[in-house]
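See below for work-v4.cif, which holds mmCIF, C-alpha atoms and all ligand atoms.
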data_structure
#
loop_
_atom_site.label_atom_id
_atom_site.label_comp_id
_atom_site.auth_asym_id
_atom_site.auth_seq_id
_atom_site.Cartn_x
_atom_site.Cartn_y
_atom_site.Cartn_z
CA MET R 1 8.69 18.81 19.94
CA SER R 2 11.20 16.05 20.16
CA ALA R 3 13.20 15.91 23.35
CA VAL R 4 16.74 14.70 22.92
CA PHE R 5 19.66 16.00 24.93
CA SER R 6 22.22 18.12 23.13
CA GLU R 7 25.71 16.71 22.82
CA THR R 8 26.69 18.56 26.00
CA GLY R 9 23.56 17.39 27.77
CA ARG R 10 24.18 13.81 26.76
CA ALA R 11 27.78 14.04 27.98
CA GLU R 12 26.48 15.41 31.29
CA PHE R 13 23.97 12.57 31.54
CA ASP R 14 26.73 10.02 30.90
CA ARG R 15 28.85 11.69 33.56
CA LEU R 16 25.94 11.45 36.02
CA LEU R 17 25.71 7.72 35.36
CA THR R 18 29.26 7.29 36.63
CA ARG R 19 28.40 9.04 39.91
CA TYR R 20 25.47 6.87 40.99
CA PRO R 21 25.24 3.17 41.83
CA ASP R 22 22.51 2.39 39.27
CA ARG R 23 20.66 4.02 36.39
CA LYS R 24 17.47 4.70 38.35
CA SER R 25 19.39 6.84 40.83
CA VAL R 26 19.96 9.43 38.12
CA ILE R 27 16.26 10.20 37.69
CA LEU R 28 16.31 13.41 39.76
CA PRO R 29 19.47 14.92 38.20
CA ALA R 30 18.30 13.77 34.75
CA LEU R 31 15.04 15.68 35.26
CA HIS R 32 17.06 18.76 36.27
CA LEU R 33 19.13 18.35 33.15
CA ALA R 34 15.99 18.01 31.02
CA GLN R 35 14.57 21.18 32.53
CA LYS R 36 17.80 23.00 31.81
CA GLU R 37 17.98 21.74 28.24
CA PHE R 38 14.31 22.02 27.25
CA GLY R 39 13.03 24.76 29.58
CA TYR R 40 10.51 22.40 31.18
CA VAL R 41 9.83 18.71 31.57
CA SER R 42 7.59 17.91 28.62
CA ASP R 43 5.78 14.61 28.03
CA GLU R 44 8.40 13.87 25.37
CA ALA R 45 11.18 14.50 27.89
CA ILE R 46 9.53 12.06 30.30
CA VAL R 47 9.51 9.33 27.63
CA TYR R 48 13.09 10.17 26.62
CA ILE R 49 14.43 9.99 30.17
CA ALA R 50 12.52 6.77 30.81
CA GLY R 51 14.32 5.28 27.81
CA LEU R 52 17.71 6.51 28.99
CA VAL R 53 17.22 5.30 32.54
CA GLY R 54 15.55 2.03 31.56
CA THR R 55 12.25 2.44 33.36
CA SER R 56 8.65 3.32 32.53
CA PRO R 57 7.46 6.82 31.62
CA ALA R 58 4.89 6.45 34.43
CA GLU R 59 7.68 6.13 36.99
CA ILE R 60 9.46 9.22 35.65
CA GLU R 61 6.18 11.10 35.54
CA GLY R 62 5.51 10.16 39.17
CA VAL R 63 8.85 11.64 40.23
CA ALA R 64 8.48 14.74 38.04
CA THR R 65 5.05 15.57 39.47
CA PHE R 66 5.99 14.83 43.09
CA TYR R 67 8.63 17.56 43.26
CA THR R 68 7.52 21.15 42.69
CA MET R 69 10.89 22.18 41.25
CA TYR R 70 10.15 20.40 38.00
CA ASN R 71 8.02 22.39 35.58
CA ARG R 72 5.62 20.24 33.60
CA LYS R 73 4.50 23.25 31.56
CA PRO R 74 6.58 25.94 29.84
CA VAL R 75 7.37 28.86 32.14
CA GLY R 76 8.13 32.50 31.43
CA LYS R 77 11.59 34.01 31.08
CA TYR R 78 11.51 34.55 34.84
CA HIS R 79 10.01 31.90 37.07
CA VAL R 80 8.98 33.73 40.23
CA GLN R 81 8.41 31.23 43.01
CA ILE R 82 7.24 32.56 46.34
CA CYS R 83 7.33 30.33 49.39
CA ARG R 84 4.09 30.10 51.32
CA ASN R 85 5.13 27.63 53.98
CA ILE R 86 4.90 28.38 57.70
CA SER R 87 7.84 30.75 58.33
CA CYS R 88 7.25 32.73 55.17
CA SER R 89 3.53 32.71 55.76
CA LEU R 90 3.89 34.05 59.31
CA LEU R 91 6.03 36.86 57.95
CA GLY R 92 3.55 37.97 55.32
CA ALA R 93 4.02 35.70 52.29
CA GLU R 94 0.31 35.78 51.45
CA HIS R 95 0.40 39.55 51.27
CA LEU R 96 3.50 39.43 49.05
CA ILE R 97 1.91 36.84 46.75
CA GLU R 98 -1.17 39.02 46.44
CA HIS R 99 1.02 42.02 45.70
CA VAL R 100 3.03 40.27 42.98
CA SER R 101 -0.11 38.75 41.54
CA LYS R 102 -1.65 42.21 41.21
CA LYS R 103 1.59 43.73 39.94
CA LEU R 104 2.03 41.14 37.18
CA GLY R 105 -1.66 40.68 36.48
CA VAL R 106 -1.54 36.90 36.84
CA ARG R 107 -2.60 34.35 39.43
CA PRO R 108 -0.16 31.74 40.76
CA GLY R 109 0.36 29.12 38.07
CA GLU R 110 -0.06 31.64 35.27
CA THR R 111 2.35 33.35 32.87
CA THR R 112 2.12 36.96 31.78
CA PRO R 113 0.91 37.37 28.17
CA ASP R 114 4.35 38.62 27.09
CA GLY R 115 5.93 35.42 28.43
CA LYS R 116 8.20 37.34 30.78
CA PHE R 117 7.00 36.10 34.18
CA THR R 118 5.46 32.95 35.56
CA LEU R 119 4.22 33.26 39.11
CA ALA R 120 4.17 30.22 41.36
CA THR R 121 3.70 29.52 45.02
CA VAL R 122 5.86 26.79 46.49
CA GLU R 123 6.42 24.97 49.72
CA CYS R 124 9.48 25.59 51.90
CA LEU R 125 12.49 26.80 49.91
CA GLY R 126 14.74 25.72 52.77
CA SER R 127 15.71 29.20 53.88
CA CYS R 128 13.17 29.70 56.67
CA GLY R 129 15.58 31.79 58.78
CA THR R 130 15.50 34.51 56.13
CA ALA R 131 11.77 34.36 55.46
CA PRO R 132 9.92 35.49 53.48
CA VAL R 133 11.76 34.02 50.53
CA MET R 134 11.31 34.05 46.76
CA GLN R 135 13.26 32.25 44.07
CA VAL R 136 13.57 33.83 40.62
CA ASN R 137 15.03 31.25 38.24
CA ASP R 138 18.14 30.05 40.12
CA GLU R 139 18.46 33.05 42.41
CA TYR R 140 17.17 33.34 45.99
CA HIS R 141 15.85 36.61 47.43
CA GLU R 142 15.37 36.75 51.18
CA ASN R 143 13.87 38.92 53.93
CA LEU R 144 11.45 40.22 51.34
CA THR R 145 9.22 43.23 51.60
CA VAL R 146 6.83 44.70 49.06
CA GLU R 147 9.48 47.33 48.31
CA SER R 148 12.32 44.86 47.81
CA ILE R 149 10.16 42.62 45.60
CA ASP R 150 9.30 45.63 43.46
CA ARG R 151 12.97 46.53 43.15
CA ILE R 152 13.93 42.98 42.19
CA LEU R 153 11.20 42.51 39.61
CA ASP R 154 11.47 46.00 38.14
CA ARG R 155 15.16 45.64 37.34
CA LEU R 156 14.77 42.40 35.39
CA PRO R 157 15.38 43.04 31.68
S1 LIG H 201 9.03 28.44 55.09
FE1 LIG H 201 9.66 29.67 53.44
S2 LIG H 201 11.72 29.07 53.17
FE2 LIG H 201 11.01 27.72 54.68
#
Could I get this structure in the form of C-alpha cells?
Amino acid sequence: MSAVFSETGRAEFDRLLTRYPDRKSVILPALHLAQKEFGYVSDEAIVYIAGLVGTSPAEIEGVATFYTMYNRKPVGKYHVQICRNISCSLLGAEHLIEHVSKKLGVRPGETTPDGKFTLATVECLGSCGTAPVMQVNDEYHENLTVESIDRILDRLP
C-alpha cells in the first residue's frame, strides 16, 4: 500500500506547516492526519511523513510508537479504548475490560473476525473525574457501567 496524502490531506499538511515554527513540530499533527487518511500509521506512512518533514523514518517511528493514540496496525470499524489508569481502575475498569473482552470475544489488542471492533486498553484518557472512561473512535463515554457499555456497543451499526 502506498501512503500519500489525498489532495485535501496534503492541503491540510501544508496548512499545518504555516502554524508551527519548523517542519519537525508538525510530526504529531501529521501523524494524526495520516491516521485519519489511511486508517492507521503504516510503515509506508512513517516513511512518507519522514520525507515530508525532512527527518528520518526512525524518528517518526519513535514518536508514533511512544503515543498510544497512534495505531501502528489496522483497527476495526470501531476502536474501543478503555482506560485502565488509576481512577478508572479504582472504579472497576478491569471488570469492564473483562466484560467487553468476553462480549466481543477478543482480548485487548485484537480485532473481531468481522472487523467491526478492536479492543484496546489505554492509559489515562484525561477525564479521570468521570471515570471509568472509554473512547470509541473519536467519542468519549464516561461514568461507565456494564449496562451502559452494553447499550453503547449494542447500538453501533
Ligand atoms: S484514569 Fe481513566 S481517564 Fe484518567
Margin query: Please determine, counting only C-alpha atoms and all ligand atoms, which residue among R:Thr112, R:Asn143, R:Thr130, R:Ser87 has the shortest atom-to-atom distance to ligand LIG 201 (chain H).
Written below: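 Result for the nearest residue to ligand LIG 201 (chain H): R:Ser87.
Atom CA of Ile86 of chain R is positioned 4.9 Å from atom S1 of ligand LIG 201 (chain H).
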Check: Which chains and residue numbers are within 9 Å of ligand LIG 201 (chain H), counting all atoms listed in the file, if I want them as a PyMOL selection string?
Finding: chain R and resi 82-90+93+122-134+142
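Residue nearest His32 of chain R within the list R:Ile60, R:Gly51, R:Tyr70, R:Val146: R:Tyr70 [criterion: smallest interatomic distance, all atoms listed in the file].
Proximity ranking of R:Ile27, R:Tyr140, R:Leu153, R:Arg10 relative to Gly62 of chain R places R:Ile27 first, based on all atoms listed in the file.
One finds atom CA of Lys73 of chain R at 12.3 Å from atom CA of Ile46 of chain R.
With atom CA of Gly9 of chain R on one side and atom CA of Ala30 of chain R on the other, the separation reads 9.5 Å.
With only C-alpha atoms as the atoms that count, the residue of R:Arg15, R:His99, R:Lys77, R:Lys24 with the shortest distance to Val63 of chain R is R:Lys24.
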Using 5 Å of padding on each side, determine the axis-aligned box around all atoms of segment 137-154 of chain R present in the file and give its centre and edge lengths in Å to one decimal, as AutoDock Vina command-line options.
--center_x 12.6 --center_y 38.7 --center_z 46.0 --size_x 21.6 --size_y 27.3 --size_z 25.8
Checklist line | Answer as a PyMOL selection string, residues within 12 Å of (16.0, 20.6, 32.2) using only C-alpha atoms | finding: chain R and resi 3-6+9-10+12-13+27-42+45-46+49+64+69-75
Export of the given selection (C-alpha atoms) as a short mmCIF file (atom, residue, chain, number, x, y, z; two decimals), keeping the file's coordinate frame:
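Once everything was written out, this is again.cif:
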data_model
loop_
_atom_site.label_atom_id
_atom_site.label_comp_id
_atom_site.auth_asym_id
_atom_site.auth_seq_id
_atom_site.Cartn_x
_atom_site.Cartn_y
_atom_site.Cartn_z
CA ALA R 3 13.20 15.91 23.35
CA VAL R 4 16.74 14.70 22.92
CA PHE R 5 19.66 16.00 24.93
CA SER R 6 22.22 18.12 23.13
CA GLY R 9 23.56 17.39 27.77
CA ARG R 10 24.18 13.81 26.76
CA GLU R 12 26.48 15.41 31.29
CA PHE R 13 23.97 12.57 31.54
CA ILE R 27 16.26 10.20 37.69
CA LEU R 28 16.31 13.41 39.76
CA PRO R 29 19.47 14.92 38.20
CA ALA R 30 18.30 13.77 34.75
CA LEU R 31 15.04 15.68 35.26
CA HIS R 32 17.06 18.76 36.27
CA LEU R 33 19.13 18.35 33.15
CA ALA R 34 15.99 18.01 31.02
CA GLN R 35 14.57 21.18 32.53
CA LYS R 36 17.80 23.00 31.81
CA GLU R 37 17.98 21.74 28.24
CA PHE R 38 14.31 22.02 27.25
CA GLY R 39 13.03 24.76 29.58
CA TYR R 40 10.51 22.40 31.18
CA VAL R 41 9.83 18.71 31.57
CA SER R 42 7.59 17.91 28.62
CA ALA R 45 11.18 14.50 27.89
CA ILE R 46 9.53 12.06 30.30
CA ILE R 49 14.43 9.99 30.17
CA ALA R 64 8.48 14.74 38.04
CA MET R 69 10.89 22.18 41.25
CA TYR R 70 10.15 20.40 38.00
CA ASN R 71 8.02 22.39 35.58
CA ARG R 72 5.62 20.24 33.60
CA LYS R 73 4.50 23.25 31.56
CA PRO R 74 6.58 25.94 29.84
CA VAL R 75 7.37 28.86 32.14
#
Item checked: Nearest candidate to Val100 of chain R (options R:Ile149, R:Val47, R:Ala58, R:Val136; using all atoms listed in the file) ->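 Counting all atoms listed in the file, the residue closest to Val100 of chain R is R:Ile149.
With only C-alpha atoms as the atoms that count, the minimum distance from Leu119 of chain R to the choices R:His141, R:Arg151, R:Val80, R:Ile97 is reached by R:Val80.
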Next item on the list: Would you kindly return, as JSON, numbers by chain, each protein, DNA or RNA residue with an atom no farther than 9 Å from any atom of Thr111 of chain R, considering only C-alpha atoms and excluding same-chain residues fewer than 6 positions away?
Entry: {"R": [75, 76, 79, 104, 117, 118, 119]}
